[in-house]
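Below: the structure, in structure tokens.
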Amino acid sequence: MVAEALRWRLAGRFVRVPSLTGRITLSYLPLLSYTDVGRAGAECLIAEAGSALYQIRVLAPEAHDFLDAQPVTMRLPLRDRGVADVWSSGLSDKCRNQVRKAERGGIRVVVRTDGSGLRHFHGLLASSLHFHGAPLPPLALFEGMCSRLDAVPYLAYAGDDPVAALIVIRDGGLTWVPFAASDRRRLTMCPNHLLYWRAISDAIESAADVFDFGRSPFLGNTYRFKRQWGARPVGLQSLPPRAGGLYDKYAWAQRMWRATPRPFADKIGPWLCHYLADY
């Protein structure tokens, strides 16, 4: 599904991701913060890649001492926990107050799988990714998620205006949020908090074991947002090991992208994603 949306060719269990200079990287399950293999499974994939450049991302749950800005995924354990338990013992006091503030302010959360819902999500994502200096993936990627995976978009509205959105993917006991976005002009209304609480509550009701908030730089702003829900960092490892940090590597490119006018960035973003093995 991802290969079709990003126009990548398959190569066994890998996809071929070209760079702007023509170099090919064999990527296993691209766009994922981590994949379904551990170190043992990764060794088999490395052998399959042979002498080619490759990229495989795995969970590293044994890692505990993280460096500032090191990529981690933030996970909230849900097994054998009810909604009331997570609300009272998982969320910080400030987080609960912000959920209540959004409710008092009239923010409403809906699950929308129709075309309008995805377009609202994609529009919010375009704004958020531009602010963070990242290109916008094509709408076809999210249409594929919702039509071919157990994935649904959650949207928060202030009146008729979409103000926050996220995609939730369910895979067995794992509920995962790979993409989230919001209208920064409405952040004081706390739509993100009500949106995430609805997604977490639904995950609990569906007997999920883990709610995964996705990748963040350790101790960064998104890390702190996810930490207030009771989520804990779990290590990530990219194979082969990187020289330098992922976020440091693209800091200059992020600054340049933020300076690019939005209309131009939105137009070329889906094209540029075709050439990014590290997205």
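We label chains A, B, ... in the order they appear in the structure tokens, count residues from 1 in each chain, and number ligands from 1 in the order shown.
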For stretch 48-115 of chain A versus stretch 15-37 of chain A, which residues have an atom no more than 6 Å away, and what is each residue's nearest atom pair and distance in Å rounded to one decimal, using only C-alpha atoms, chain-then-number order, as CSV?
```
residue,atom,partner,partner_atom,distance
A:Leu53,CA,A:Thr25,CA,5.0
A:Tyr54,CA,A:Leu26,CA,4.4
A:Gln55,CA,A:Ser27,CA,4.8
A:Ile56,CA,A:Tyr28,CA,5.4
A:Arg57,CA,A:Tyr34,CA,4.7
A:Val58,CA,A:Tyr34,CA,4.7
A:Leu59,CA,A:Tyr34,CA,5.8
```
Would you write out those residues with C-alpha atoms, as a tab-separated table (two decimals), in the first residue's frame?
```
chain	number	residue	atom	x	y	z
A	53	LEU	CA	22.33	0.08	1.06
A	54	TYR	CA	19.48	-0.82	3.42
A	55	GLN	CA	17.41	0.56	6.28
A	56	ILE	CA	15.56	-1.45	8.93
A	57	ARG	CA	14.01	0.03	12.06
A	58	VAL	CA	13.46	-2.09	15.16
A	59	LEU	CA	12.26	-1.59	18.71
```
Open item on the list: Taking 5 positions as the minimum chain separation for residues in the same chain, which residues sit within 9 Å of A:Glu48 when counting only C-alpha atoms? Answer as a ChimeraX atom specification.
Closed with: /A:12-13,43
Enumerate, in order of chain and increasing residue number, the residues of stretch 71-180 of chain A with an atom no farther than 7 Å from stretch 195-205 of chain A, each with its shortest atom pair and distance in Å to one decimal, counting only C-alpha atoms, as a Markdown table.
```
| residue | atom | partner | partner_atom | distance |
| --- | --- | --- | --- | --- |
| A:Leu78 | CA | A:Ile204 | CA | 6.5 |
| A:Gly82 | CA | A:Ile204 | CA | 6.5 |
| A:Val83 | CA | A:Ser201 | CA | 6.0 |
| A:Val109 | CA | A:Leu195 | CA | 6.2 |
| A:Ala156 | CA | A:Leu195 | CA | 6.1 |
| A:Thr175 | CA | A:Ala203 | CA | 6.5 |
```
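We find atom CA of A:Gly133 and atom CA of A:Met74 to be spaced 21.3 Å apart.
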TODO: Find the residues around stretch 216-233 of chain A up to 6 Å (only C-alpha atoms counted), leave out those fewer than 4 positions away in its own chain, and share them as a PyMOL selection string.
DONE: chain A and resi 68-76+90-92
Open item on the list: One decimal, in Å: what's the spacing between atom CA of A:Phe131 and atom CA of A:Arg185?
Closed with: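 According to the coordinates, atom CA of A:Phe131 and atom CA of A:Arg185 are separated by 12.2 Å.
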Closest-contact table, stretch 80-114 of chain A side, partner stretch 143-147 of chain A, 12 Å, counting only C-alpha atoms, as JSON lines:
```
{"residue": "A:Val111", "atom": "CA", "partner": "A:Cys146", "partner_atom": "CA", "distance": 11.6}
{"residue": "A:Arg112", "atom": "CA", "partner": "A:Cys146", "partner_atom": "CA", "distance": 10.2}
{"residue": "A:Thr113", "atom": "CA", "partner": "A:Cys146", "partner_atom": "CA", "distance": 7.2}
{"residue": "A:Asp114", "atom": "CA", "partner": "A:Cys146", "partner_atom": "CA", "distance": 9.5}
```
May I have the residues from that selection written out with N, CA and C atoms, as a PDB file, in the first residue's frame?
```pdb
ATOM      1  N   VAL A 111     -15.326  10.421  14.412  1.00  0.00           N
ATOM      2  CA  VAL A 111     -14.548   9.530  13.554  1.00  0.00           C
ATOM      3  C   VAL A 111     -15.175   9.602  12.169  1.00  0.00           C
ATOM      4  N   ARG A 112     -14.399  10.072  11.197  1.00  0.00           N
ATOM      5  CA  ARG A 112     -14.934  10.288   9.851  1.00  0.00           C
ATOM      6  C   ARG A 112     -14.076   9.541   8.841  1.00  0.00           C
ATOM      7  N   THR A 113     -14.677   8.586   8.166  1.00  0.00           N
ATOM      8  CA  THR A 113     -13.955   7.815   7.156  1.00  0.00           C
ATOM      9  C   THR A 113     -14.310   8.258   5.742  1.00  0.00           C
ATOM     10  N   ASP A 114     -15.153   9.272   5.609  1.00  0.00           N
ATOM     11  CA  ASP A 114     -15.536   9.720   4.269  1.00  0.00           C
ATOM     12  C   ASP A 114     -14.457  10.627   3.681  1.00  0.00           C
TER      13      ASP A 114
END
```
TODO: Have a look at A:Trp257, A:Trp252, A:Phe264, A:Phe211 and name the one nearest to A:Val86; count only C-alpha atoms.
DONE: A:Phe211
Task: Best match for closeness to A:His274 among A:Pro153, A:Gly235, A:Pro137, A:Pro77, counting only C-alpha atoms - done: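 Of A:Pro153, A:Gly235, A:Pro137, A:Pro77, the one nearest A:His274, counting only C-alpha atoms, is A:Pro137.
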